[in-house]
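Here's run-v3.pdb, which has PDB, C-alpha atoms and all ligand atoms:
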ATOM      1  CA  MET E   1     125.955 123.138 128.361  1.00  0.00           C
ATOM      2  CA  THR E   2     124.927 126.240 130.284  1.00  0.00           C
ATOM      3  CA  LEU E   3     121.656 126.200 132.188  1.00  0.00           C
ATOM      4  CA  PRO E   4     120.063 129.153 133.997  1.00  0.00           C
ATOM      5  CA  HIS E   5     120.725 129.192 137.771  1.00  0.00           C
ATOM      6  CA  GLY E   6     118.723 126.549 139.656  1.00  0.00           C
ATOM      7  CA  PHE E   7     117.894 124.461 136.562  1.00  0.00           C
ATOM      8  CA  ALA E   8     119.203 120.916 136.178  1.00  0.00           C
ATOM      9  CA  VAL E   9     119.133 118.117 133.620  1.00  0.00           C
ATOM     10  CA  ARG E  10     118.540 114.454 134.475  1.00  0.00           C
ATOM     11  CA  ARG E  11     117.040 111.199 133.148  1.00  0.00           C
ATOM     12  CA  ILE E  12     113.263 110.789 133.213  1.00  0.00           C
ATOM     13  CA  ARG E  13     111.960 108.889 136.271  1.00  0.00           C
ATOM     14  CA  THR E  14     108.696 107.025 136.784  1.00  0.00           C
ATOM     15  CA  GLU E  15     107.397 109.759 139.097  1.00  0.00           C
ATOM     16  CA  ASP E  16     107.731 112.388 136.300  1.00  0.00           C
ATOM     17  CA  ARG E  17     104.560 111.328 134.489  1.00  0.00           C
ATOM     18  CA  GLU E  18     102.463 114.428 135.138  1.00  0.00           C
ATOM     19  CA  GLY E  19     105.196 116.952 134.392  1.00  0.00           C
ATOM     20  CA  VAL E  20     106.492 115.176 131.298  1.00  0.00           C
ATOM     21  CA  LEU E  21     103.026 114.781 129.771  1.00  0.00           C
ATOM     22  CA  ALA E  22     102.193 118.429 130.495  1.00  0.00           C
ATOM     23  CA  VAL E  23     105.348 119.611 128.704  1.00  0.00           C
ATOM     24  CA  LEU E  24     104.940 117.205 125.762  1.00  0.00           C
ATOM     25  CA  ALA E  25     101.443 118.586 125.186  1.00  0.00           C
ATOM     26  CA  VAL E  26     103.075 121.628 123.498  1.00  0.00           C
ATOM     27  CA  LEU E  27     104.469 119.237 120.873  1.00  0.00           C
ATOM     28  CA  SER E  28     101.719 116.784 120.019  1.00  0.00           C
ATOM     29  CA  GLU E  29      98.595 114.926 121.017  1.00  0.00           C
ATOM     30  CA  ILE E  30      99.504 112.420 123.732  1.00  0.00           C
ATOM     31  CA  GLY E  31      96.311 110.575 124.630  1.00  0.00           C
ATOM     32  CA  ASN E  32      95.717 108.842 127.950  1.00  0.00           C
ATOM     33  CA  ILE E  33      98.814 107.367 129.530  1.00  0.00           C
ATOM     34  CA  THR E  34      98.214 105.785 132.911  1.00  0.00           C
ATOM     35  CA  GLU E  35     100.779 105.822 135.720  1.00  0.00           C
ATOM     36  CA  SER E  36     101.406 102.151 135.116  1.00  0.00           C
ATOM     37  CA  GLN E  37     101.940 102.607 131.356  1.00  0.00           C
ATOM     38  CA  PHE E  38     104.333 105.474 132.013  1.00  0.00           C
ATOM     39  CA  ALA E  39     106.242 103.441 134.591  1.00  0.00           C
ATOM     40  CA  GLN E  40     106.485 100.478 132.205  1.00  0.00           C
ATOM     41  CA  GLN E  41     107.823 102.704 129.447  1.00  0.00           C
ATOM     42  CA  VAL E  42     110.486 104.194 131.728  1.00  0.00           C
ATOM     43  CA  LYS E  43     111.392 100.699 132.956  1.00  0.00           C
ATOM     44  CA  TYR E  44     111.769  99.557 129.337  1.00  0.00           C
ATOM     45  CA  TRP E  45     113.993 102.528 128.407  1.00  0.00           C
ATOM     46  CA  ASP E  46     116.126 101.855 131.486  1.00  0.00           C
ATOM     47  CA  SER E  47     116.500  98.163 130.608  1.00  0.00           C
ATOM     48  CA  GLN E  48     117.793  98.570 127.036  1.00  0.00           C
ATOM     49  CA  PHE E  49     121.569  98.716 126.596  1.00  0.00           C
ATOM     50  CA  LEU E  50     123.838  99.142 123.567  1.00  0.00           C
ATOM     51  CA  ASP E  51     126.719  97.552 125.468  1.00  0.00           C
ATOM     52  CA  ASN E  52     127.472  96.770 129.105  1.00  0.00           C
ATOM     53  CA  ARG E  53     126.938 100.304 130.326  1.00  0.00           C
ATOM     54  CA  THR E  54     125.482 102.491 127.542  1.00  0.00           C
ATOM     55  CA  HIS E  55     121.712 102.989 127.471  1.00  0.00           C
ATOM     56  CA  ILE E  56     119.998 102.944 124.057  1.00  0.00           C
ATOM     57  CA  TYR E  57     117.358 105.411 125.229  1.00  0.00           C
ATOM     58  CA  HIS E  58     118.289 108.677 126.900  1.00  0.00           C
ATOM     59  CA  PRO E  59     115.021 110.397 127.834  1.00  0.00           C
ATOM     60  CA  VAL E  60     115.870 113.552 129.783  1.00  0.00           C
ATOM     61  CA  VAL E  61     114.151 116.457 131.486  1.00  0.00           C
ATOM     62  CA  ILE E  62     115.265 119.902 132.605  1.00  0.00           C
ATOM     63  CA  THR E  63     113.804 120.868 135.978  1.00  0.00           C
ATOM     64  CA  ASP E  64     113.454 124.357 137.461  1.00  0.00           C
ATOM     65  CA  GLN E  65     114.410 125.544 140.974  1.00  0.00           C
ATOM     66  CA  ASN E  66     111.309 123.838 142.392  1.00  0.00           C
ATOM     67  CA  GLY E  67     111.800 120.551 140.595  1.00  0.00           C
ATOM     68  CA  VAL E  68     109.067 121.389 138.067  1.00  0.00           C
ATOM     69  CA  ILE E  69     109.699 119.898 134.635  1.00  0.00           C
ATOM     70  CA  ALA E  70     110.421 122.661 132.138  1.00  0.00           C
ATOM     71  CA  ALA E  71     111.760 120.751 129.120  1.00  0.00           C
ATOM     72  CA  VAL E  72     111.834 117.212 127.740  1.00  0.00           C
ATOM     73  CA  ALA E  73     113.752 115.458 124.941  1.00  0.00           C
ATOM     74  CA  THR E  74     115.081 112.010 124.066  1.00  0.00           C
ATOM     75  CA  LEU E  75     118.244 110.722 122.425  1.00  0.00           C
ATOM     76  CA  PHE E  76     117.958 107.242 120.906  1.00  0.00           C
ATOM     77  CA  LEU E  77     121.060 105.343 119.749  1.00  0.00           C
ATOM     78  CA  GLU E  78     120.839 103.196 116.618  1.00  0.00           C
ATOM     79  CA  ARG E  79     123.489 100.586 115.906  1.00  0.00           C
ATOM     80  CA  LYS E  80     124.026 100.255 112.138  1.00  0.00           C
ATOM     81  CA  LEU E  81     126.019  98.153 109.638  1.00  0.00           C
ATOM     82  CA  ILE E  82     127.250 101.084 107.561  1.00  0.00           C
ATOM     83  CA  HIS E  83     130.130 103.239 108.779  1.00  0.00           C
ATOM     84  CA  GLU E  84     131.814 100.139 110.205  1.00  0.00           C
ATOM     85  CA  CYS E  85     128.876  99.210 112.418  1.00  0.00           C
ATOM     86  CA  GLY E  86     128.584 102.853 113.393  1.00  0.00           C
ATOM     87  CA  ILE E  87     126.103 104.403 115.799  1.00  0.00           C
ATOM     88  CA  VAL E  88     123.652 107.139 114.829  1.00  0.00           C
ATOM     89  CA  GLY E  89     122.003 109.338 117.440  1.00  0.00           C
ATOM     90  CA  HIS E  90     118.368 110.346 116.914  1.00  0.00           C
ATOM     91  CA  ILE E  91     116.974 113.300 118.831  1.00  0.00           C
ATOM     92  CA  GLU E  92     113.219 112.981 119.311  1.00  0.00           C
ATOM     93  CA  ASP E  93     110.283 114.670 121.019  1.00  0.00           C
ATOM     94  CA  VAL E  94     111.859 117.955 122.053  1.00  0.00           C
ATOM     95  CA  ALA E  95     109.541 120.234 124.008  1.00  0.00           C
ATOM     96  CA  VAL E  96     109.895 123.218 126.334  1.00  0.00           C
ATOM     97  CA  SER E  97     106.887 124.236 128.441  1.00  0.00           C
ATOM     98  CA  LYS E  98     105.219 127.450 127.246  1.00  0.00           C
ATOM     99  CA  ALA E  99     106.186 129.220 130.473  1.00  0.00           C
ATOM    100  CA  TYR E 100     109.893 128.603 129.839  1.00  0.00           C
ATOM    101  CA  GLN E 101     110.178 129.002 126.060  1.00  0.00           C
ATOM    102  CA  GLY E 102     112.691 131.610 124.917  1.00  0.00           C
ATOM    103  CA  ARG E 103     115.017 131.097 127.900  1.00  0.00           C
ATOM    104  CA  LYS E 104     117.560 128.900 126.129  1.00  0.00           C
ATOM    105  CA  LEU E 105     116.340 125.648 127.677  1.00  0.00           C
ATOM    106  CA  GLY E 106     115.669 124.187 124.219  1.00  0.00           C
ATOM    107  CA  GLN E 107     119.209 124.990 123.169  1.00  0.00           C
ATOM    108  CA  ALA E 108     120.569 123.578 126.437  1.00  0.00           C
ATOM    109  CA  ILE E 109     118.753 120.242 126.105  1.00  0.00           C
ATOM    110  CA  ILE E 110     119.918 119.849 122.478  1.00  0.00           C
ATOM    111  CA  GLN E 111     123.500 120.681 123.497  1.00  0.00           C
ATOM    112  CA  HIS E 112     123.286 118.142 126.317  1.00  0.00           C
ATOM    113  CA  LEU E 113     121.950 115.323 124.109  1.00  0.00           C
ATOM    114  CA  THR E 114     124.376 116.121 121.278  1.00  0.00           C
ATOM    115  CA  ALA E 115     127.329 115.953 123.675  1.00  0.00           C
ATOM    116  CA  LEU E 116     125.978 112.703 125.086  1.00  0.00           C
ATOM    117  CA  ALA E 117     125.656 111.231 121.562  1.00  0.00           C
ATOM    118  CA  LEU E 118     129.236 112.169 120.732  1.00  0.00           C
ATOM    119  CA  LYS E 119     130.406 110.675 124.026  1.00  0.00           C
ATOM    120  CA  CYS E 120     128.593 107.456 123.027  1.00  0.00           C
ATOM    121  CA  LYS E 121     130.669 107.508 119.787  1.00  0.00           C
ATOM    122  CA  CYS E 122     127.854 108.437 117.374  1.00  0.00           C
ATOM    123  CA  TYR E 123     129.263 109.394 113.983  1.00  0.00           C
ATOM    124  CA  LYS E 124     126.286 111.741 113.482  1.00  0.00           C
ATOM    125  CA  VAL E 125     123.170 112.989 115.245  1.00  0.00           C
ATOM    126  CA  ILE E 126     119.962 113.546 113.273  1.00  0.00           C
ATOM    127  CA  LEU E 127     116.425 114.795 113.878  1.00  0.00           C
ATOM    128  CA  ASP E 128     113.255 115.708 111.982  1.00  0.00           C
ATOM    129  CA  CYS E 129     111.502 119.023 112.437  1.00  0.00           C
ATOM    130  CA  ASN E 130     109.012 121.430 110.920  1.00  0.00           C
ATOM    131  CA  GLU E 131     110.111 124.309 108.714  1.00  0.00           C
ATOM    132  CA  SER E 132     109.200 126.639 111.590  1.00  0.00           C
ATOM    133  CA  ASN E 133     111.940 125.147 113.795  1.00  0.00           C
ATOM    134  CA  VAL E 134     114.792 125.104 111.262  1.00  0.00           C
ATOM    135  CA  LEU E 135     116.319 128.336 112.556  1.00  0.00           C
ATOM    136  CA  PHE E 136     116.206 127.047 116.139  1.00  0.00           C
ATOM    137  CA  TYR E 137     118.139 123.893 115.194  1.00  0.00           C
ATOM    138  CA  GLU E 138     120.577 125.892 113.070  1.00  0.00           C
ATOM    139  CA  LYS E 139     121.282 127.945 116.189  1.00  0.00           C
ATOM    140  CA  CYS E 140     121.978 124.640 117.954  1.00  0.00           C
ATOM    141  CA  GLY E 141     124.620 123.799 115.314  1.00  0.00           C
ATOM    142  CA  TYR E 142     122.505 121.519 113.074  1.00  0.00           C
ATOM    143  CA  LYS E 143     122.165 121.913 109.330  1.00  0.00           C
ATOM    144  CA  ARG E 144     119.365 121.152 106.921  1.00  0.00           C
ATOM    145  CA  ILE E 145     119.977 117.958 104.948  1.00  0.00           C
ATOM    146  CA  GLY E 146     117.714 115.550 103.030  1.00  0.00           C
ATOM    147  CA  VAL E 147     113.941 115.327 103.081  1.00  0.00           C
ATOM    148  CA  GLU E 148     111.677 113.755 105.692  1.00  0.00           C
ATOM    149  CA  MET E 149     109.026 111.329 104.413  1.00  0.00           C
ATOM    150  CA  GLU E 150     106.291 109.473 106.260  1.00  0.00           C
ATOM    151  CA  ARG E 151     103.480 107.010 105.681  1.00  0.00           C
ATOM    152  CA  ARG E 152     100.855 107.092 108.385  1.00  0.00           C
ATOM    153  CA  ALA E 153      99.290 103.857 109.659  1.00  0.00           C
ATOM    154  CA  ARG E 154      95.864 105.479 109.268  1.00  0.00           C
ATOM    155  CA  LEU E 155      95.704 107.283 105.915  1.00  0.00           C
TER     156      LEU E 155
HETATM  157  N1  LIG T   1     112.222 129.808 115.090  1.00  0.00           N
HETATM  158  C1  LIG T   1     113.322 130.588 115.042  1.00  0.00           C
HETATM  159  N2  LIG T   1     114.172 130.766 116.079  1.00  0.00           N
HETATM  160  C2  LIG T   1     113.886 130.124 117.216  1.00  0.00           C
HETATM  161  C3  LIG T   1     112.746 129.288 117.364  1.00  0.00           C
HETATM  162  C4  LIG T   1     111.893 129.139 116.234  1.00  0.00           C
HETATM  163  N3  LIG T   1     110.818 128.343 116.265  1.00  0.00           N
HETATM  164  N4  LIG T   1     112.728 128.781 118.620  1.00  0.00           N
HETATM  165  C5  LIG T   1     113.822 129.280 119.236  1.00  0.00           C
HETATM  166  N5  LIG T   1     114.505 130.085 118.388  1.00  0.00           N
HETATM  167  C6  LIG T   1     115.766 130.786 118.637  1.00  0.00           C
HETATM  168  C7  LIG T   1     115.695 131.692 119.860  1.00  0.00           C
HETATM  169  O1  LIG T   1     115.224 132.970 119.526  1.00  0.00           O
HETATM  170  C8  LIG T   1     117.147 131.692 120.316  1.00  0.00           C
HETATM  171  O2  LIG T   1     117.868 132.551 119.462  1.00  0.00           O
HETATM  172  P1  LIG T   1     119.094 133.481 120.012  1.00  0.00           P
HETATM  173  O3  LIG T   1     120.131 132.521 120.549  1.00  0.00           O
HETATM  174  O4  LIG T   1     119.537 134.240 118.823  1.00  0.00           O
HETATM  175  O5  LIG T   1     118.518 134.312 121.118  1.00  0.00           O
HETATM  176  C9  LIG T   1     117.612 130.261 120.020  1.00  0.00           C
HETATM  177  O6  LIG T   1     116.749 129.784 118.976  1.00  0.00           O
HETATM  178  C10 LIG T   1     117.516 129.327 121.207  1.00  0.00           C
HETATM  179  O7  LIG T   1     116.173 129.326 121.635  1.00  0.00           O
HETATM  180  P2  LIG T   1     115.692 128.674 123.011  1.00  0.00           P
HETATM  181  O8  LIG T   1     115.354 129.745 123.999  1.00  0.00           O
HETATM  182  O9  LIG T   1     116.679 127.651 123.466  1.00  0.00           O
HETATM  183  O10 LIG T   1     114.346 127.966 122.523  1.00  0.00           O
HETATM  184  P3  LIG T   1     113.214 127.309 123.429  1.00  0.00           P
HETATM  185  O11 LIG T   1     113.726 127.015 124.791  1.00  0.00           O
HETATM  186  O12 LIG T   1     111.985 128.139 123.336  1.00  0.00           O
HETATM  187  O13 LIG T   1     112.968 125.932 122.686  1.00  0.00           O
HETATM  188  C11 LIG T   1     111.566 124.844 121.054  1.00  0.00           C
HETATM  189  C12 LIG T   1     112.667 125.898 121.307  1.00  0.00           C
HETATM  190  C13 LIG T   1     112.057 123.475 121.537  1.00  0.00           C
HETATM  191  C14 LIG T   1     111.279 124.793 119.564  1.00  0.00           C
HETATM  192  C15 LIG T   1     110.314 125.277 121.888  1.00  0.00           C
HETATM  193  O14 LIG T   1     109.877 126.523 121.438  1.00  0.00           O
HETATM  194  C16 LIG T   1     109.152 124.279 121.820  1.00  0.00           C
HETATM  195  O15 LIG T   1     109.040 123.396 122.674  1.00  0.00           O
HETATM  196  N6  LIG T   1     108.263 124.448 120.816  1.00  0.00           N
HETATM  197  C17 LIG T   1     107.050 123.599 120.685  1.00  0.00           C
HETATM  198  C18 LIG T   1     107.380 122.123 120.416  1.00  0.00           C
HETATM  199  C19 LIG T   1     108.335 121.931 119.252  1.00  0.00           C
HETATM  200  O16 LIG T   1     108.142 122.472 118.157  1.00  0.00           O
HETATM  201  N7  LIG T   1     109.393 121.114 119.488  1.00  0.00           N
HETATM  202  C20 LIG T   1     110.397 120.756 118.490  1.00  0.00           C
HETATM  203  C21 LIG T   1     109.931 119.584 117.707  1.00  0.00           C
HETATM  204  S1  LIG T   1     111.181 118.899 116.634  1.00  0.00           S
HETATM  205  C22 LIG T   1     111.772 117.479 117.422  1.00  0.00           C
HETATM  206  O17 LIG T   1     111.220 117.056 118.399  1.00  0.00           O
HETATM  207  C23 LIG T   1     113.018 116.777 116.890  1.00  0.00           C
END
Show the structure stored in the file as structure tokens.
Ligand code: ACO
Amino acid sequence: MTLPHGFAVRRIRTEDREGVLAVLAVLSEIGNITESQFAQQVKYWDSQFLDNRTHIYHPVVITDQNGVIAAVATLFLERKLIHECGIVGHIEDVAVSKAYQGRKLGQAIIQHLTALALKCKCYKVILDCNESNVLFYEKCGYKRIGVEMERRARL
């Protein structure tokens, strides 16, 4: 993965609440998340393991030269029965702050999480996206397959 000079990728920490929520706002409605709720969520992600040393949740950020959060995304590992109890990686909630879009941070965070998934022995990595982002993910090496369906809790 190549990042612009001064940028770095790392796991989300409890103190990242403000920056993470600001970046995720480009993706979806977030609602009110208190500091304590955010800290609990991070604590939960950090406490869940696939085996002795592999986290199930890999929520990451890219920070700029000043430590400001510029991009966010999560890899989630699912242990299955099929494919000989194989592991599937799910990439979720990818967002780059408006100020940094178009500077290859999106591509960098996808490359990082894809490499991490393969290192964790995933036999495939999947994600859902809008039609408007298909070209972006194709440029990240993903290909269109299947159809996404949903049933909302509130119809
Ligand atoms: N459509 C077509 N091409 C695109 C798009 C797009 N929507 N976005 C980026 N690209 C292209 C770029 O032009 C670039 O092409 P090049 O290599 O030929 O120059 C390449 O993809 C890499 O682009 P990046 O600079 O890495 O993209 P960016 O950092 O802006 O991140 C992202 C892309 C994540 C879609 C960002 O624009 C964003 O946060 N958008 C709003 C939130 C969103 O839609 N997130 C994805 C949700 S899907 C999910 O979470 C699984």
Proximity of chain E to ligand LIG 1 (chain T): per-residue shortest pair, 6 Å limit, all atoms listed in the file, as JSON lines:
{"residue": "E:Val26", "atom": "CA", "partner": "T:LIG1", "partner_atom": "C17", "distance": 5.3}
{"residue": "E:Leu27", "atom": "CA", "partner": "T:LIG1", "partner_atom": "C18", "distance": 4.1}
{"residue": "E:Ile91", "atom": "CA", "partner": "T:LIG1", "partner_atom": "C23", "distance": 5.6}
{"residue": "E:Glu92", "atom": "CA", "partner": "T:LIG1", "partner_atom": "C23", "distance": 4.5}
{"residue": "E:Asp93", "atom": "CA", "partner": "T:LIG1", "partner_atom": "O17", "distance": 3.7}
{"residue": "E:Val94", "atom": "CA", "partner": "T:LIG1", "partner_atom": "O17", "distance": 3.8}
{"residue": "E:Ala95", "atom": "CA", "partner": "T:LIG1", "partner_atom": "O15", "distance": 3.5}
{"residue": "E:Val96", "atom": "CA", "partner": "T:LIG1", "partner_atom": "O15", "distance": 3.8}
{"residue": "E:Gln101", "atom": "CA", "partner": "T:LIG1", "partner_atom": "O12", "distance": 3.4}
{"residue": "E:Gly102", "atom": "CA", "partner": "T:LIG1", "partner_atom": "O8", "distance": 3.4}
{"residue": "E:Arg103", "atom": "CA", "partner": "T:LIG1", "partner_atom": "O8", "distance": 4.1}
{"residue": "E:Lys104", "atom": "CA", "partner": "T:LIG1", "partner_atom": "O9", "distance": 3.1}
{"residue": "E:Leu105", "atom": "CA", "partner": "T:LIG1", "partner_atom": "O11", "distance": 4.1}
{"residue": "E:Gly106", "atom": "CA", "partner": "T:LIG1", "partner_atom": "O11", "distance": 3.5}
{"residue": "E:Gln107", "atom": "CA", "partner": "T:LIG1", "partner_atom": "O9", "distance": 3.7}
{"residue": "E:Leu127", "atom": "CA", "partner": "T:LIG1", "partner_atom": "C23", "distance": 5.0}
{"residue": "E:Asp128", "atom": "CA", "partner": "T:LIG1", "partner_atom": "C23", "distance": 5.0}
{"residue": "E:Cys129", "atom": "CA", "partner": "T:LIG1", "partner_atom": "S1", "distance": 4.2}
{"residue": "E:Ser132", "atom": "CA", "partner": "T:LIG1", "partner_atom": "N3", "distance": 5.2}
{"residue": "E:Asn133", "atom": "CA", "partner": "T:LIG1", "partner_atom": "N3", "distance": 4.2}
{"residue": "E:Leu135", "atom": "CA", "partner": "T:LIG1", "partner_atom": "C1", "distance": 4.5}
{"residue": "E:Phe136", "atom": "CA", "partner": "T:LIG1", "partner_atom": "O6", "distance": 4.0}
{"residue": "E:Lys139", "atom": "CA", "partner": "T:LIG1", "partner_atom": "O6", "distance": 5.6}
Neighbours of Ala39 in chain E within 10 Å (all atoms listed in the file; same-chain residues fewer than 5 positions away dropped), as a list in words?
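Everything that qualifies: Arg13, Thr14, Glu15, Asp16, Arg17, Ile33, Thr34, Tyr44 and Trp45 of chain E.
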Interatomic distance between CA of Arg11 in chain E and CA of Lys121 in chain E?
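Computing the Euclidean distance for CA of Arg11 in chain E and CA of Lys121 in chain E yields 19.4 Å.
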Decode the PyMOL selection byres (((chain E and resi 76) around 9) and not hetatm) for the given file into explicit residues and return them as a ChimeraX atom specification.
/E:55-59,74-75,77-78,88-92,117
Expansion of the PyMOL selection byres (((chain E and resi 10) around 6) and not hetatm) into residues, as number ranges by chain:
E: 9, 11, 60-61
Would you list the residues near (127.6, 102.8, 121.8) (no more than 8 Å away, in the coordinates of the file, using all atoms listed in the file) as a PyMOL selection string?
chain E and resi 50-51+54+56+77+79+87+120-122
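For the residues E:Ser28, E:Ser97, E:Ser47, E:Thr114, ranking by smallest atom-to-atom distance to Gly141 in chain E using only C-alpha atoms places E:Thr114 first.
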Identify which of the residues E:Ala99, E:Phe49, E:Lys43, E:Tyr137 lies closest to Val68 in chain E, counting only C-alpha atoms when measuring atom-to-atom distances.
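For Val68 in chain E, the nearest of the given residues is E:Ala99.
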Report, in Å to a single decimal, how far apart CA of Val72 in chain E and CA of Glu18 in chain E are.
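According to the coordinates, CA of Glu18 in chain E and CA of Val72 in chain E are separated by 12.3 Å.
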Counting only C-alpha atoms, I want the residues whose atoms come within 7 Å of (114.1, 127.7, 132.7) in the file frame, returned as number ranges by chain.
E: 4, 7, 64, 70, 100, 103, 105
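The nearest approach to Phe38 in chain E among the residues E:Val23, E:Ile12, E:Leu116, E:Ala73, with all atoms listed in the file taken into account, belongs to E:Ile12.
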May I ask which of the residues E:Thr63, E:His5, E:Tyr123, E:Lys98 is the closest one to His83 in chain E, counting all atoms listed in the file?
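For His83 in chain E, the nearest of the candidates is E:Tyr123.
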Build an axis-aligned box that encloses every atom of range 126-144 of chain E listed in the file, pad it by 4 Å on each side, and report its centre and edge lengths in Å to one decimal, as JSON.
{"center_x": 116.8, "center_y": 120.9, "center_z": 112.4, "size_x": 23.6, "size_y": 22.8, "size_z": 19.0}
Rounded to one decimal, what separation in Å do you get between CA of Ala22 in chain E and CA of Ala71 in chain E?
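Between these atoms lies a distance of 9.9 Å.
When the PyMOL selection byres (((chain E and resi 147) around 12) and not hetatm) is evaluated on the file shown here, the picked residues come out as Ile126, Leu127, Asp128, Cys129, Asn130, Glu131, Arg144, Ile145, Gly146, Glu148, Met149 and Glu150 of chain E.
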Output file for the selection above: C-alpha atoms, as a compact mmCIF listing (two decimals), in the frame of the given file:
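Written file, result_23.txt:
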# COMPACT_ATOMS: atom_id res chain seq x y z
CA ILE E 126 119.96 113.55 113.27
CA LEU E 127 116.42 114.80 113.88
CA ASP E 128 113.26 115.71 111.98
CA CYS E 129 111.50 119.02 112.44
CA ASN E 130 109.01 121.43 110.92
CA GLU E 131 110.11 124.31 108.71
CA ARG E 144 119.36 121.15 106.92
CA ILE E 145 119.98 117.96 104.95
CA GLY E 146 117.71 115.55 103.03
CA GLU E 148 111.68 113.76 105.69
CA MET E 149 109.03 111.33 104.41
CA GLU E 150 106.29 109.47 106.26
From the set E:Asn32, E:Thr2, E:Ile82, E:Arg154, which residue has the shortest atom-to-atom contact distance to Gln111 in chain E, counting only C-alpha atoms?
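Of E:Asn32, E:Thr2, E:Ile82, E:Arg154, the one nearest Gln111 in chain E, counting only C-alpha atoms, is E:Thr2.
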Requested file, range 145-150 of chain E restricted to all heavy atoms, as a PDB file, in the first residue's frame:
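Okay, this is what ended up in out_35.pdb:
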ATOM      1  N   ILE E 145     -20.207  -8.880  -8.788  1.00  0.00           N
ATOM      2  CA  ILE E 145     -20.713 -10.249  -8.755  1.00  0.00           C
ATOM      3  C   ILE E 145     -21.970 -10.281  -7.884  1.00  0.00           C
ATOM      4  O   ILE E 145     -22.019  -9.641  -6.846  1.00  0.00           O
ATOM      5  CB  ILE E 145     -19.627 -11.237  -8.252  1.00  0.00           C
ATOM      6  CG1 ILE E 145     -20.072 -12.671  -8.420  1.00  0.00           C
ATOM      7  CG2 ILE E 145     -19.197 -10.972  -6.849  1.00  0.00           C
ATOM      8  CD1 ILE E 145     -18.930 -13.649  -8.449  1.00  0.00           C
ATOM      9  N   GLY E 146     -23.009 -10.981  -8.333  1.00  0.00           N
ATOM     10  CA  GLY E 146     -24.219 -11.134  -7.522  1.00  0.00           C
ATOM     11  C   GLY E 146     -25.045  -9.864  -7.418  1.00  0.00           C
ATOM     12  O   GLY E 146     -24.795  -8.876  -8.100  1.00  0.00           O
ATOM     13  N   VAL E 147     -26.013  -9.898  -6.534  1.00  0.00           N
ATOM     14  CA  VAL E 147     -26.956  -8.805  -6.348  1.00  0.00           C
ATOM     15  C   VAL E 147     -27.117  -8.584  -4.846  1.00  0.00           C
ATOM     16  O   VAL E 147     -27.200  -9.538  -4.088  1.00  0.00           O
ATOM     17  CB  VAL E 147     -28.340  -9.183  -6.937  1.00  0.00           C
ATOM     18  CG1 VAL E 147     -29.369  -8.109  -6.649  1.00  0.00           C
ATOM     19  CG2 VAL E 147     -28.229  -9.450  -8.433  1.00  0.00           C
ATOM     20  N   GLU E 148     -27.129  -7.342  -4.419  1.00  0.00           N
ATOM     21  CA  GLU E 148     -27.331  -7.058  -2.998  1.00  0.00           C
ATOM     22  C   GLU E 148     -28.833  -6.917  -2.723  1.00  0.00           C
ATOM     23  O   GLU E 148     -29.542  -6.267  -3.491  1.00  0.00           O
ATOM     24  CB  GLU E 148     -26.618  -5.756  -2.632  1.00  0.00           C
ATOM     25  CG  GLU E 148     -26.757  -5.390  -1.186  1.00  0.00           C
ATOM     26  CD  GLU E 148     -26.309  -3.957  -0.900  1.00  0.00           C
ATOM     27  OE1 GLU E 148     -25.715  -3.321  -1.788  1.00  0.00           O
ATOM     28  OE2 GLU E 148     -26.578  -3.487   0.214  1.00  0.00           O
ATOM     29  N   MET E 149     -29.302  -7.522  -1.651  1.00  0.00           N
ATOM     30  CA  MET E 149     -30.710  -7.403  -1.264  1.00  0.00           C
ATOM     31  C   MET E 149     -30.751  -6.895   0.176  1.00  0.00           C
ATOM     32  O   MET E 149     -29.815  -7.123   0.939  1.00  0.00           O
ATOM     33  CB  MET E 149     -31.404  -8.775  -1.294  1.00  0.00           C
ATOM     34  CG  MET E 149     -31.248  -9.557  -2.568  1.00  0.00           C
ATOM     35  SD  MET E 149     -32.437  -9.141  -3.812  1.00  0.00           S
ATOM     36  CE  MET E 149     -33.950  -9.737  -3.099  1.00  0.00           C
ATOM     37  N   GLU E 150     -31.840  -6.266   0.559  1.00  0.00           N
ATOM     38  CA  GLU E 150     -31.991  -5.882   1.958  1.00  0.00           C
ATOM     39  C   GLU E 150     -33.459  -5.880   2.348  1.00  0.00           C
ATOM     40  O   GLU E 150     -34.348  -5.760   1.493  1.00  0.00           O
ATOM     41  CB  GLU E 150     -31.373  -4.510   2.239  1.00  0.00           C
ATOM     42  CG  GLU E 150     -32.165  -3.344   1.705  1.00  0.00           C
ATOM     43  CD  GLU E 150     -31.740  -2.001   2.273  1.00  0.00           C
ATOM     44  OE1 GLU E 150     -30.662  -1.881   2.880  1.00  0.00           O
ATOM     45  OE2 GLU E 150     -32.514  -1.044   2.107  1.00  0.00           O
TER      46      GLU E 150
END
